[in-house]
Every structure is written in C-alpha cells, then in structure tokens.
$ cat entry_17.cif   # mmCIF, C-alpha atoms (C1' of nucleotides)
data_run
#
loop_
_atom_site.label_atom_id
_atom_site.label_comp_id
_atom_site.auth_asym_id
_atom_site.auth_seq_id
_atom_site.Cartn_x
_atom_site.Cartn_y
_atom_site.Cartn_z
CA MET A 58 8.54 31.88 -8.99
CA LYS A 59 10.78 34.00 -11.14
CA LYS A 60 8.78 35.13 -14.10
CA ILE A 61 5.71 36.94 -12.98
CA GLU A 62 4.84 39.35 -15.72
CA ALA A 63 5.52 37.19 -18.74
CA ALA A 64 2.20 35.65 -19.62
CA ASN A 65 0.17 38.78 -20.01
CA ALA A 66 -0.46 39.20 -23.69
CA ALA A 67 -0.16 36.01 -25.65
CA GLU A 68 -2.73 33.95 -23.76
CA MET A 69 -6.40 34.18 -23.00
CA PRO A 70 -6.97 35.65 -19.60
CA GLY A 71 -7.67 32.85 -17.17
CA GLN A 72 -6.99 30.08 -19.67
CA PRO A 73 -3.45 28.98 -18.78
CA ALA A 74 -2.74 26.80 -21.85
CA LYS A 75 -4.11 23.25 -21.70
CA ARG A 76 -1.82 20.24 -21.96
CA ASN A 77 -2.51 16.92 -23.58
CA THR A 78 -2.17 14.04 -21.20
CA PRO A 79 -2.82 10.31 -21.53
CA GLN A 80 -5.34 10.60 -18.70
CA LYS A 81 -7.49 13.05 -20.60
CA ALA A 82 -7.30 10.91 -23.70
CA ALA A 83 -8.33 7.86 -21.68
CA VAL A 84 -11.37 9.56 -20.20
CA LYS A 85 -12.39 10.92 -23.55
CA HIS A 86 -12.03 7.53 -25.15
CA ALA A 87 -13.94 5.75 -22.42
CA LEU A 88 -16.72 8.29 -22.69
CA GLY A 89 -16.88 7.71 -26.43
CA GLU A 90 -17.12 3.94 -25.92
CA ALA A 91 -20.08 4.20 -23.57
CA THR A 92 -23.45 3.60 -25.21
CA GLY A 93 -25.46 6.07 -23.18
CA PHE A 94 -25.00 8.40 -20.26
CA VAL A 95 -22.50 7.34 -17.63
CA SER A 96 -21.49 8.78 -14.29
CA ALA A 97 -18.00 9.83 -13.33
CA GLN A 98 -17.93 6.96 -10.87
CA GLN A 99 -18.85 4.43 -13.53
CA LEU A 100 -16.26 5.81 -15.89
CA HIS A 101 -13.63 5.60 -13.18
CA GLN A 102 -14.52 1.96 -12.54
CA THR A 103 -14.36 1.16 -16.23
CA LEU A 104 -10.96 2.78 -16.58
CA LYS A 105 -9.59 0.92 -13.59
CA LYS A 106 -10.95 -2.32 -14.96
CA HIS A 107 -8.95 -1.70 -18.11
CA GLY A 108 -5.78 -1.29 -16.11
CA SER A 109 -5.68 2.47 -15.80
CA THR A 110 -4.53 3.96 -12.49
CA ILE A 111 -6.29 7.23 -13.15
CA GLY A 112 -7.60 9.04 -10.11
CA LEU A 113 -11.24 9.72 -9.43
CA ALA A 114 -10.66 13.44 -9.06
CA THR A 115 -9.02 13.49 -12.47
CA VAL A 116 -12.06 11.85 -14.03
CA TYR A 117 -14.28 14.50 -12.48
CA ARG A 118 -11.99 17.29 -13.62
CA THR A 119 -11.72 15.97 -17.14
CA LEU A 120 -15.46 15.47 -17.49
CA ALA A 121 -16.11 18.98 -16.25
CA ASP A 122 -13.66 20.29 -18.83
CA LEU A 123 -15.25 18.30 -21.62
CA ALA A 124 -18.69 19.49 -20.64
CA GLN A 125 -17.53 23.08 -20.61
CA ALA A 126 -15.85 22.67 -23.99
CA GLY A 127 -19.13 21.36 -25.39
CA GLU A 128 -17.64 17.95 -26.16
CA ALA A 129 -19.86 16.23 -23.61
CA ASP A 130 -23.40 16.68 -22.42
CA SER A 131 -24.34 16.35 -18.79
CA LEU A 132 -27.57 15.31 -17.17
CA GLN A 133 -28.79 14.73 -13.62
CA SER A 134 -29.87 11.22 -12.78
CA LYS A 135 -32.55 10.33 -10.25
CA ASP A 136 -29.88 9.27 -7.77
CA SER A 137 -28.47 12.77 -7.57
CA GLU A 138 -25.39 12.00 -9.57
CA VAL A 139 -24.33 13.70 -12.78
CA LEU A 140 -24.23 11.65 -15.96
CA TYR A 141 -22.08 12.47 -18.97
CA ARG A 142 -22.08 11.53 -22.61
CA ALA A 143 -19.84 12.32 -25.58
CA CYS A 144 -21.75 14.49 -28.01
CA THR A 145 -21.56 16.58 -31.08
CA THR A 146 -20.90 20.18 -30.22
CA SER A 147 -23.98 21.44 -32.03
CA HIS A 148 -27.07 22.04 -29.95
CA HIS A 149 -29.43 19.10 -29.66
CA HIS A 150 -31.55 17.09 -27.25
CA HIS A 151 -31.84 13.49 -26.14
CA LEU A 152 -34.23 10.60 -26.29
CA ILE A 153 -33.19 8.24 -23.53
CA CYS A 154 -34.27 4.72 -22.64
CA ARG A 155 -35.10 4.45 -18.94
CA GLU A 156 -34.15 0.79 -18.95
CA CYS A 157 -30.91 0.36 -20.89
CA GLY A 158 -29.77 3.95 -21.22
CA LEU A 159 -29.78 3.89 -25.02
CA THR A 160 -29.55 7.48 -26.13
CA LEU A 161 -30.51 9.11 -29.41
CA GLU A 162 -29.67 12.66 -30.32
CA ILE A 163 -32.61 14.57 -31.70
CA GLU A 164 -32.89 17.97 -33.28
CA ALA A 165 -35.82 20.29 -32.95
CA GLU A 166 -35.43 23.61 -34.57
CA ASN A 167 -39.01 24.60 -33.89
CA LEU A 168 -38.55 23.76 -30.27
CA GLU A 169 -35.60 26.10 -29.92
CA LYS A 170 -37.65 28.87 -31.41
CA TRP A 171 -40.59 28.06 -29.19
CA ALA A 172 -38.46 28.11 -26.05
CA ASP A 173 -36.88 31.42 -26.96
CA LYS A 174 -40.24 32.87 -27.83
CA VAL A 175 -41.85 31.84 -24.55
CA ALA A 176 -38.93 33.29 -22.61
CA THR A 177 -39.02 36.56 -24.51
CA GLU A 178 -42.78 36.87 -24.17
CA HIS A 179 -42.40 36.76 -20.42
CA GLY A 180 -39.59 39.29 -20.37
CA PHE A 181 -36.79 36.81 -19.85
CA VAL A 182 -33.44 37.28 -21.54
CA GLN A 183 -30.52 34.97 -22.31
CA PRO A 184 -32.81 31.97 -22.49
CA SER A 185 -31.51 28.44 -22.34
CA HIS A 186 -33.43 25.23 -21.91
CA ASN A 187 -33.34 21.66 -20.77
CA ILE A 188 -35.27 19.27 -22.94
CA ASP A 189 -34.97 15.52 -22.62
CA ILE A 190 -37.42 12.79 -23.49
CA PHE A 191 -37.46 9.48 -21.64
CA GLY A 192 -39.17 6.22 -22.46
CA PHE A 193 -38.59 2.53 -22.99
CA CYS A 194 -36.89 1.62 -26.26
CA ALA A 195 -38.31 -1.06 -28.54
CA ALA A 196 -35.89 -3.72 -27.33
CA CYS A 197 -36.54 -3.17 -23.63
CA GLN A 198 -40.25 -2.92 -24.29
CA SER A 199 -40.50 -6.36 -25.87
CA ALA A 200 -38.21 -7.82 -23.23
CA LYS A 201 -40.57 -6.56 -20.58
CA THR A 202 -43.72 -7.75 -22.28
CA GLU A 203 -42.36 -11.24 -22.75
CA SER A 204 -41.36 -11.67 -19.14
CA GLY A 205 -44.87 -10.68 -18.12
CA VAL A 206 -43.95 -7.59 -16.18
CA ALA A 207 -46.68 -5.50 -17.70
CA LYS A 208 -47.50 -2.58 -15.43
CA MET B 107 -44.92 -7.88 17.41
CA LYS B 108 -48.00 -9.91 18.09
CA LYS B 109 -50.18 -9.66 15.07
CA ILE B 110 -48.35 -10.78 11.99
CA GLU B 111 -50.94 -11.96 9.55
CA ALA B 112 -53.61 -9.35 10.08
CA ALA B 113 -53.06 -6.68 7.44
CA ASN B 114 -53.32 -8.82 4.37
CA ALA B 115 -56.60 -8.00 2.66
CA ALA B 116 -58.04 -4.61 3.57
CA GLU B 117 -55.15 -2.37 2.52
CA MET B 118 -53.32 -1.58 -0.68
CA PRO B 119 -50.21 -3.70 -0.95
CA GLY B 120 -47.24 -1.66 0.17
CA GLN B 121 -49.25 1.42 1.12
CA PRO B 122 -49.62 1.16 4.91
CA ALA B 123 -52.21 3.93 5.39
CA LYS B 124 -50.86 7.49 5.66
CA ARG B 125 -51.40 9.61 8.72
CA ASN B 126 -51.93 13.33 8.91
CA THR B 127 -49.38 15.06 11.07
CA PRO B 128 -48.66 18.70 11.85
CA GLN B 129 -45.17 18.22 10.43
CA LYS B 130 -46.49 17.28 7.01
CA ALA B 131 -48.88 20.20 7.05
CA ALA B 132 -46.05 22.55 7.99
CA VAL B 133 -43.84 21.40 5.14
CA LYS B 134 -46.67 21.62 2.69
CA HIS B 135 -47.55 25.10 3.86
CA ALA B 136 -43.96 26.34 3.74
CA LEU B 137 -43.59 24.95 0.23
CA GLY B 138 -46.69 26.80 -0.82
CA GLU B 139 -45.38 30.05 0.62
CA ALA B 140 -42.12 29.87 -1.32
CA THR B 141 -42.04 31.96 -4.50
CA GLY B 142 -39.91 29.65 -6.61
CA PHE B 143 -38.03 26.41 -6.26
CA VAL B 144 -36.53 25.73 -2.86
CA SER B 145 -34.28 23.01 -1.53
CA ALA B 146 -35.08 20.75 1.39
CA GLN B 147 -32.32 22.45 3.33
CA GLN B 148 -33.79 25.90 2.71
CA LEU B 149 -37.24 24.72 3.70
CA HIS B 150 -35.85 23.25 6.87
CA GLN B 151 -34.15 26.56 7.72
CA THR B 152 -37.35 28.48 7.06
CA LEU B 153 -39.37 26.17 9.25
CA LYS B 154 -36.89 26.42 12.08
CA LYS B 155 -36.88 30.19 11.76
CA HIS B 156 -40.62 30.11 12.28
CA GLY B 157 -40.21 28.16 15.47
CA SER B 158 -40.78 24.66 14.19
CA THR B 159 -38.64 21.90 15.61
CA ILE B 160 -39.19 19.69 12.61
CA GLY B 161 -36.31 17.42 11.69
CA LEU B 162 -34.36 17.61 8.46
CA ALA B 163 -35.05 13.99 7.65
CA THR B 164 -38.75 14.64 8.00
CA VAL B 165 -38.57 17.49 5.53
CA TYR B 166 -36.83 15.21 3.04
CA ARG B 167 -39.35 12.45 3.58
CA THR B 168 -42.32 14.75 3.24
CA LEU B 169 -40.99 16.40 0.10
CA ALA B 170 -40.35 13.04 -1.48
CA ASP B 171 -43.91 12.02 -0.66
CA LEU B 172 -45.34 15.22 -2.11
CA ALA B 173 -43.30 14.82 -5.27
CA GLN B 174 -44.50 11.25 -5.66
CA ALA B 175 -48.09 12.30 -5.10
CA GLY B 176 -47.74 14.91 -7.85
CA GLU B 177 -48.30 17.77 -5.45
CA ALA B 178 -44.79 19.09 -5.92
CA ASP B 179 -42.37 19.30 -8.81
CA SER B 180 -38.70 18.58 -8.36
CA LEU B 181 -35.72 19.83 -10.25
CA GLN B 182 -31.95 19.45 -9.99
CA SER B 183 -29.99 22.61 -9.31
CA LYS B 184 -26.47 23.24 -10.53
CA ASP B 185 -25.13 22.58 -7.05
CA SER B 186 -26.35 19.01 -7.13
CA GLU B 187 -29.21 19.56 -4.77
CA VAL B 188 -32.83 18.85 -5.46
CA LEU B 189 -35.25 21.75 -5.56
CA TYR B 190 -38.98 21.47 -4.92
CA ARG B 191 -41.98 23.60 -5.67
CA ALA B 192 -45.68 23.28 -4.95
CA CYS B 193 -47.53 22.81 -8.21
CA THR B 194 -50.81 22.09 -9.80
CA THR B 195 -51.12 18.41 -10.44
CA SER B 196 -51.78 18.92 -14.12
CA HIS B 197 -48.86 18.54 -16.46
CA HIS B 198 -46.90 21.70 -17.20
CA HIS B 199 -43.40 23.13 -17.52
CA HIS B 200 -41.41 25.95 -15.99
CA LEU B 201 -39.78 29.19 -16.96
CA ILE B 202 -37.24 29.92 -14.26
CA CYS B 203 -35.09 32.96 -13.51
CA ARG B 204 -31.48 31.97 -12.97
CA GLU B 205 -30.96 34.93 -10.68
CA CYS B 206 -33.91 35.22 -8.33
CA GLY B 207 -35.60 31.88 -8.88
CA LEU B 208 -38.89 33.39 -10.01
CA THR B 209 -40.86 30.60 -11.59
CA LEU B 210 -43.70 30.70 -14.07
CA GLU B 211 -45.74 27.71 -15.04
CA ILE B 212 -46.19 27.37 -18.77
CA GLU B 213 -48.31 25.10 -20.86
CA ALA B 214 -47.38 23.74 -24.22
CA GLU B 215 -49.82 21.36 -25.73
CA ASN B 216 -47.97 21.19 -29.02
CA LEU B 217 -44.82 20.36 -27.19
CA GLU B 218 -46.39 17.41 -25.45
CA LYS B 219 -47.54 16.10 -28.78
CA TRP B 220 -44.16 16.67 -30.32
CA ALA B 221 -42.35 14.85 -27.53
CA ASP B 222 -44.70 11.89 -27.73
CA LYS B 223 -44.40 11.81 -31.50
CA VAL B 224 -40.61 11.83 -31.47
CA ALA B 225 -40.56 9.04 -28.91
CA THR B 226 -43.04 6.95 -30.85
CA GLU B 227 -41.22 7.49 -34.13
CA HIS B 228 -38.12 5.99 -32.62
CA GLY B 229 -39.95 3.02 -31.15
CA PHE B 230 -40.04 4.31 -27.58
CA VAL B 231 -43.07 3.69 -25.37
CA GLN B 232 -44.36 5.26 -22.17
CA PRO B 233 -42.75 8.57 -23.04
CA SER B 234 -42.20 11.29 -20.49
CA HIS B 235 -40.16 14.43 -20.74
CA ASN B 236 -38.25 17.10 -18.92
CA ILE B 237 -38.67 20.57 -20.30
CA ASP B 238 -37.54 23.65 -18.44
CA ILE B 239 -36.54 27.05 -19.72
CA PHE B 240 -34.08 29.24 -17.87
CA GLY B 241 -33.22 32.90 -18.28
CA PHE B 242 -32.99 36.20 -16.46
CA CYS B 243 -36.31 37.80 -15.65
CA ALA B 244 -37.00 41.42 -16.51
CA ALA B 245 -36.31 42.64 -12.99
CA CYS B 246 -32.96 40.89 -12.63
CA GLN B 247 -32.02 41.94 -16.12
CA SER B 248 -32.41 45.65 -15.47
CA ALA B 249 -30.72 45.30 -12.10
CA LYS B 250 -27.72 43.81 -13.83
CA THR B 251 -27.57 46.37 -16.60
CA GLU B 252 -27.68 49.26 -14.17
CA SER B 253 -24.84 47.97 -12.05
CA GLY B 254 -22.72 47.69 -15.20
CA VAL B 255 -22.23 43.94 -15.02
CA ALA B 256 -23.02 43.37 -18.64
CA LYS B 257 -21.51 40.10 -19.76
"C1'" DT C 5 18.63 16.83 -26.72
"C1'" DC C 6 18.54 19.05 -22.20
"C1'" DT C 7 16.33 22.43 -19.00
"C1'" DC C 8 12.93 24.83 -16.93
"C1'" DT C 9 8.32 26.37 -15.84
"C1'" DT C 10 4.04 25.07 -14.36
"C1'" DA C 11 -0.30 22.55 -15.70
"C1'" DT C 12 -1.77 18.27 -14.30
"C1'" DT C 13 -2.05 14.27 -11.60
"C1'" DG C 14 -3.28 11.02 -7.69
"C1'" DA C 15 -4.19 10.15 -2.98
"C1'" DC C 16 -6.60 11.73 0.58
"C1'" DA C 17 -9.23 14.95 3.24
"C1'" DA C 18 -13.25 17.71 3.41
"C1'" DA C 19 -17.69 19.41 2.25
"C1'" DG C 20 -22.39 18.89 1.40
"C1'" DA C 21 -26.70 16.57 0.38
"C1'" DT C 22 -29.42 12.77 1.24
"C1'" DT C 23 -30.61 8.42 3.44
"C1'" DC C 24 -30.62 5.14 7.25
"C1'" DT C 25 -31.29 3.67 12.10
"C1'" DC C 26 -33.84 3.36 16.07
"C1'" DA C 27 -36.05 4.52 20.29
"C1'" DA C 28 -39.82 7.59 21.46
"C1'" DT C 29 -44.07 9.69 20.16
"C1'" DA C 30 -48.70 10.24 18.70
"C1'" DA C 31 -52.59 9.41 14.86
"C1'" DG C 32 -56.37 6.82 14.03
"C1'" DA C 33 -59.24 2.68 14.76
"C1'" DC C 34 -61.81 0.00 17.97
"C1'" DG D 71 -59.47 5.14 27.00
"C1'" DT D 72 -56.51 1.51 24.77
"C1'" DC D 73 -53.76 -0.40 21.38
"C1'" DT D 74 -51.28 -0.84 17.11
"C1'" DT D 75 -48.02 1.04 14.32
"C1'" DA D 76 -46.94 4.99 11.13
"C1'" DT D 77 -44.23 8.81 11.93
"C1'" DT D 78 -40.89 11.62 14.02
"C1'" DG D 79 -36.27 13.65 15.45
"C1'" DA D 80 -31.45 13.23 16.33
"C1'" DG D 81 -27.48 11.64 14.84
"C1'" DA D 82 -24.79 8.32 12.32
"C1'" DA D 83 -23.74 6.66 7.88
"C1'" DT D 84 -23.41 6.90 2.90
"C1'" DC D 85 -22.53 8.85 -1.34
"C1'" DT D 86 -21.12 12.16 -4.76
"C1'" DT D 87 -18.28 15.88 -5.67
"C1'" DT D 88 -14.69 19.31 -4.67
"C1'" DG D 89 -10.43 21.00 -2.45
"C1'" DT D 90 -5.50 20.40 -1.02
"C1'" DC D 91 -0.83 19.56 -1.95
"C1'" DA D 92 3.45 17.35 -3.03
"C1'" DA D 93 5.11 14.83 -7.03
"C1'" DT D 94 5.08 14.27 -11.91
"C1'" DA D 95 5.56 15.25 -16.68
"C1'" DA D 96 3.97 18.18 -21.03
"C1'" DG D 97 5.55 21.60 -23.85
"C1'" DA D 98 8.41 25.61 -25.00
"C1'" DG D 99 12.84 27.41 -25.46
"C1'" DA D 100 17.96 27.05 -25.36
#
$ encode --input "entry_17.cif" --output "structure tokens"
Amino acid sequence: MKKIEAANAAEMPGQPAKRNTPQKAAVKHALGEATGFVSAQQLHQTLKKHGSTIGLATVYRTLADLAQAGEADSLQSKDSEVLYRACTTSHHHHLICRECGLTLEIEAENLEKWADKVATEHGFVQPSHNIDIFGFCAACQSAKTESGVAK
Amino acid sequence: MKKIEAANAAEMPGQPAKRNTPQKAAVKHALGEATGFVSAQQLHQTLKKHGSTIGLATVYRTLADLAQAGEADSLQSKDSEVLYRACTTSHHHHLICRECGLTLEIEAENLEKWADKVATEHGFVQPSHNIDIFGFCAACQSAKTESGVAK
DNA sequence: TCTCTTATTGACAAAGATTCTCAATAAGAC
DNA sequence: GTCTTATTGAGAATCTTTGTCAATAAGAGA
C-alpha cells in the first residue's frame, strides 16, 4: 500500500495485467482435450483425476476469462449448468450431438446477414444471436437403431 | 393403498390424467399477461402481488408442464435462470431486447431448411435448433443515446 | 539473483435457482 | 355424496455459481 498513483498510464484501465499460471494452463489444456462441451464441474473432476489440486473456483474463474477472451464458447445445458468448449476466436456456430456431445463448428455467412437484417428491420441495434443445432450424430443413431430403442 | 392393479389399461402409460386447478390457470394467465420473457421467480412475485397464495414450487411445476406441452417457450438468461414466455405452438424464433425484454416472434422458413440441411449433411438425424436474436430495441436505444451512455 | 508488489489461488462460506418431500387438500369419476 | 389420487404449499435439500480472504507465487525492477 505504498504506490498508489503509479499504474495510471501504461496499462488498460481496469485490466490489471494478467499473469500466466500453471492452473490456467491446466484448465486450458483440459478444455482442449475435451471432445465436446463440458461443464466447469466436469472439468474440475477431470483435473483432479489427473492429480491436479486446482480449486473449483479457479476453474470457474479461468473459464469465464477464456470465454470473455473469445477462446472458449459457452452454452447453457438443460440442467441449468453452463457448458464450455475451446474454440476458434472467429464467429461460428455449433452442430451438437444430443447423445455423445460431439460438436462440429459450422459457418453460415448468410445466417449472420439474415440475423442482422431481421434485427435492423425491427429497429433493433447492436444485434447478436444464438444459433445452435442439435441432433443425433451418425454413430449414436446407428447405435440406437441396433439396440431397438426406436422412438 | 388398496387398489394396486387397477390403472393398467385405460390410461396412457406414465400420464396419470391431468387435473384442472385454479393454480394452473393463474400461472397460465400471468404468463400470458407478461410482455416478454419472465422467470418463475418473477411470475411468483407477480402472482403474490395480485393476492394469490400460490407456492413457488407450483409455479415451477406448472411452467415446466407448459413448456413440455409446447404452450410456453423457455430460454436461459445470463444469470443462469430460466425464462418463460407464452407462445403459439407453431415453431418460431425470437427477437429479444436486452434492455427491456421486449420480444417479437419471427418466422424463418429458409432458416429451418438451412438448419435441417446442415444437420443432414453432417449425418445428424432428428435435428432441432436454438435460434434467438438479441439487440436493443428502438425505444431503449434512443433512451440510451439521450442519457449520453453511448458505449 | 534477490526483492517487492499484487494478481492469483484454494478452501470455504454464501447466494440463488430449482427440485424434492410429504402431509393436507380438492378435482373428477362413480 | 363418496372415494381415489393428482395436486398443492411450505420448507428442506440440492446444485451450480460467486464472493471472501489469507496465503502464495508471477513478473518487473534493482
């Protein structure tokens, strides 16, 4: 509590200089390893299973940071928990298997334009959108059919 | 606990015959009155304000039923709570104001086709999708500009 | 390399939404 | 009217997520 007026010019206001820690690296790595969307809880379990002593709060904090930095996408599951996934930073959408969680990134330039157009037509500004497609992937589909669980 | 083997043939399996109650009607009515998406908590507050003694659990149960019956649409808010809205049972999407919650129903036939096509192309079956557009409606926009809170 | 500031961490508490439990009530059929 | 049982309300219980705070350690400078 000695230097008060030092950090006033060199840094972004409100961004106090991030530090690289093994915990962040671990979360990032674990997220990259996951095949589809995973919850913070799941990620925490996985990390512990691999010997990490990382705290649950840290996992939440790191995921929130990644999501804000655009390095992860988030999504609400049916069970009211938030799921995360490592992603490219460019804008895109997802095709997600309801059974196994397999996730494909899809692009849809026309869709972006359509969404913006609809918003503008109705007088809305700063439009953003949520577009995700769900279904059963080929593998899960045949697995289901074979076991006779046809709806 | 006397008759055990009676209800085996006449009723749908697992659907024990719904009953009409004033509580259900009240929830349904309150949901219809709301202008945009509302949470179960909000709805419960509203109902209490109007003199109803309905329980919170009942509101949750009723909303879940309505959503399942296709009479209400649900949506996850940023604060990890589920929002509901009375809707037409036909398939549609929403254009939602981030500020005041004003909600417009929009149709997009081409979009439906596109979503199904993308899913099919990647081997996915039984496709469904989540498409919602957010933005600031004209009213909220001008309110913001006038108060000088331009981003 | 050593020191110093302070961002970050981990353990736990706390908040908040949703679900569960269960005795009491009342809808609908006979 | 009677009876069965779906439904209700109140509160407990559960679950996810966020906040708190002392202890730790990353990174810059000496």
$ closest_residue --input "entry_17.cif" --among "A:Val139, A:Ala83, A:Leu88, A:Ala165" --to "D:DT86" --atoms "all atoms listed in the file"
A:Val139
$ atom_distance --input "entry_17.cif" --atom1 "atom CA of B:His135" --atom2 "atom CA of B:Ile212"
22.8 Å
$ atom_distance --input "entry_17.cif" --atom1 "atom CA of A:Asn187" --atom2 "atom CA of B:Asn216"
16.8 Å
$ atom_distance --input "entry_17.cif" --atom1 "atom CA of A:Cys154" --atom2 "atom CA of A:Thr92"
11.2 Å
$ calpha_fit_rmsd --input "entry_17.cif" --fixed "chain B" --moving "chain A"
0.7 Å
$ build_atoms --input "entry_17.cif" --residues "stretch 78-88 of chain A" --atoms "all heavy atoms" --output "CSV table (one decimal), in the frame of the given file"
chain,number,residue,atom,x,y,z
A,78,THR,N,-2.7,15.1,-22.0
A,78,THR,CA,-2.2,14.0,-21.2
A,78,THR,C,-2.9,12.7,-21.5
A,78,THR,O,-4.0,12.7,-22.0
A,78,THR,CB,-2.4,14.3,-19.7
A,78,THR,OG1,-3.8,14.3,-19.5
A,78,THR,CG2,-1.8,15.7,-19.3
A,79,PRO,N,-2.2,11.6,-21.3
A,79,PRO,CA,-2.8,10.3,-21.5
A,79,PRO,C,-4.1,10.1,-20.7
A,79,PRO,O,-5.0,9.5,-21.2
A,79,PRO,CB,-1.8,9.3,-21.1
A,79,PRO,CG,-0.7,10.1,-20.4
A,79,PRO,CD,-0.8,11.5,-20.9
A,80,GLN,N,-4.1,10.7,-19.5
A,80,GLN,CA,-5.3,10.6,-18.7
A,80,GLN,C,-6.6,11.2,-19.4
A,80,GLN,O,-7.6,10.6,-19.4
A,80,GLN,CB,-5.1,11.3,-17.4
A,80,GLN,CG,-4.2,10.5,-16.4
A,80,GLN,CD,-2.7,10.9,-16.6
A,80,GLN,OE1,-2.4,11.6,-17.6
A,80,GLN,NE2,-1.9,10.5,-15.7
A,81,LYS,N,-6.4,12.4,-19.9
A,81,LYS,CA,-7.5,13.0,-20.6
A,81,LYS,C,-7.9,12.2,-21.8
A,81,LYS,O,-9.1,12.0,-22.0
A,81,LYS,CB,-7.1,14.4,-21.1
A,81,LYS,CG,-7.1,15.5,-20.0
A,81,LYS,CD,-6.7,16.8,-20.5
A,81,LYS,CE,-6.5,17.8,-19.4
A,81,LYS,NZ,-5.9,19.1,-19.9
A,82,ALA,N,-7.0,11.7,-22.5
A,82,ALA,CA,-7.3,10.9,-23.7
A,82,ALA,C,-8.1,9.7,-23.3
A,82,ALA,O,-9.0,9.3,-23.9
A,82,ALA,CB,-6.0,10.5,-24.4
A,83,ALA,N,-7.7,9.1,-22.2
A,83,ALA,CA,-8.3,7.9,-21.7
A,83,ALA,C,-9.8,8.1,-21.3
A,83,ALA,O,-10.7,7.4,-21.7
A,83,ALA,CB,-7.6,7.3,-20.5
A,84,VAL,N,-10.0,9.2,-20.6
A,84,VAL,CA,-11.4,9.6,-20.2
A,84,VAL,C,-12.2,9.8,-21.4
A,84,VAL,O,-13.3,9.3,-21.5
A,84,VAL,CB,-11.4,10.8,-19.3
A,84,VAL,CG1,-12.8,11.3,-19.0
A,84,VAL,CG2,-10.7,10.5,-17.9
A,85,LYS,N,-11.7,10.6,-22.3
A,85,LYS,CA,-12.4,10.9,-23.6
A,85,LYS,C,-12.8,9.7,-24.3
A,85,LYS,O,-13.9,9.5,-24.8
A,85,LYS,CB,-11.5,11.8,-24.4
A,85,LYS,CG,-12.2,12.8,-25.3
A,85,LYS,CD,-11.3,13.9,-25.8
A,85,LYS,CE,-11.9,14.7,-26.9
A,85,LYS,NZ,-10.9,15.7,-27.4
A,86,HIS,N,-11.8,8.8,-24.4
A,86,HIS,CA,-12.0,7.5,-25.2
A,86,HIS,C,-13.1,6.7,-24.5
A,86,HIS,O,-14.0,6.2,-25.1
A,86,HIS,CB,-10.7,6.7,-25.3
A,86,HIS,CG,-10.9,5.4,-25.9
A,86,HIS,ND1,-11.0,5.3,-27.3
A,86,HIS,CD2,-11.0,4.2,-25.5
A,86,HIS,CE1,-11.2,4.1,-27.7
A,86,HIS,NE2,-11.1,3.3,-26.6
A,87,ALA,N,-13.0,6.6,-23.2
A,87,ALA,CA,-13.9,5.8,-22.4
A,87,ALA,C,-15.3,6.3,-22.6
A,87,ALA,O,-16.3,5.6,-22.7
A,87,ALA,CB,-13.5,5.7,-21.0
A,88,LEU,N,-15.4,7.6,-22.6
A,88,LEU,CA,-16.7,8.3,-22.7
A,88,LEU,C,-17.3,8.0,-24.1
A,88,LEU,O,-18.5,7.8,-24.2
A,88,LEU,CB,-16.6,9.8,-22.5
A,88,LEU,CG,-17.9,10.6,-22.3
A,88,LEU,CD1,-18.6,10.2,-21.1
A,88,LEU,CD2,-17.5,12.1,-22.3
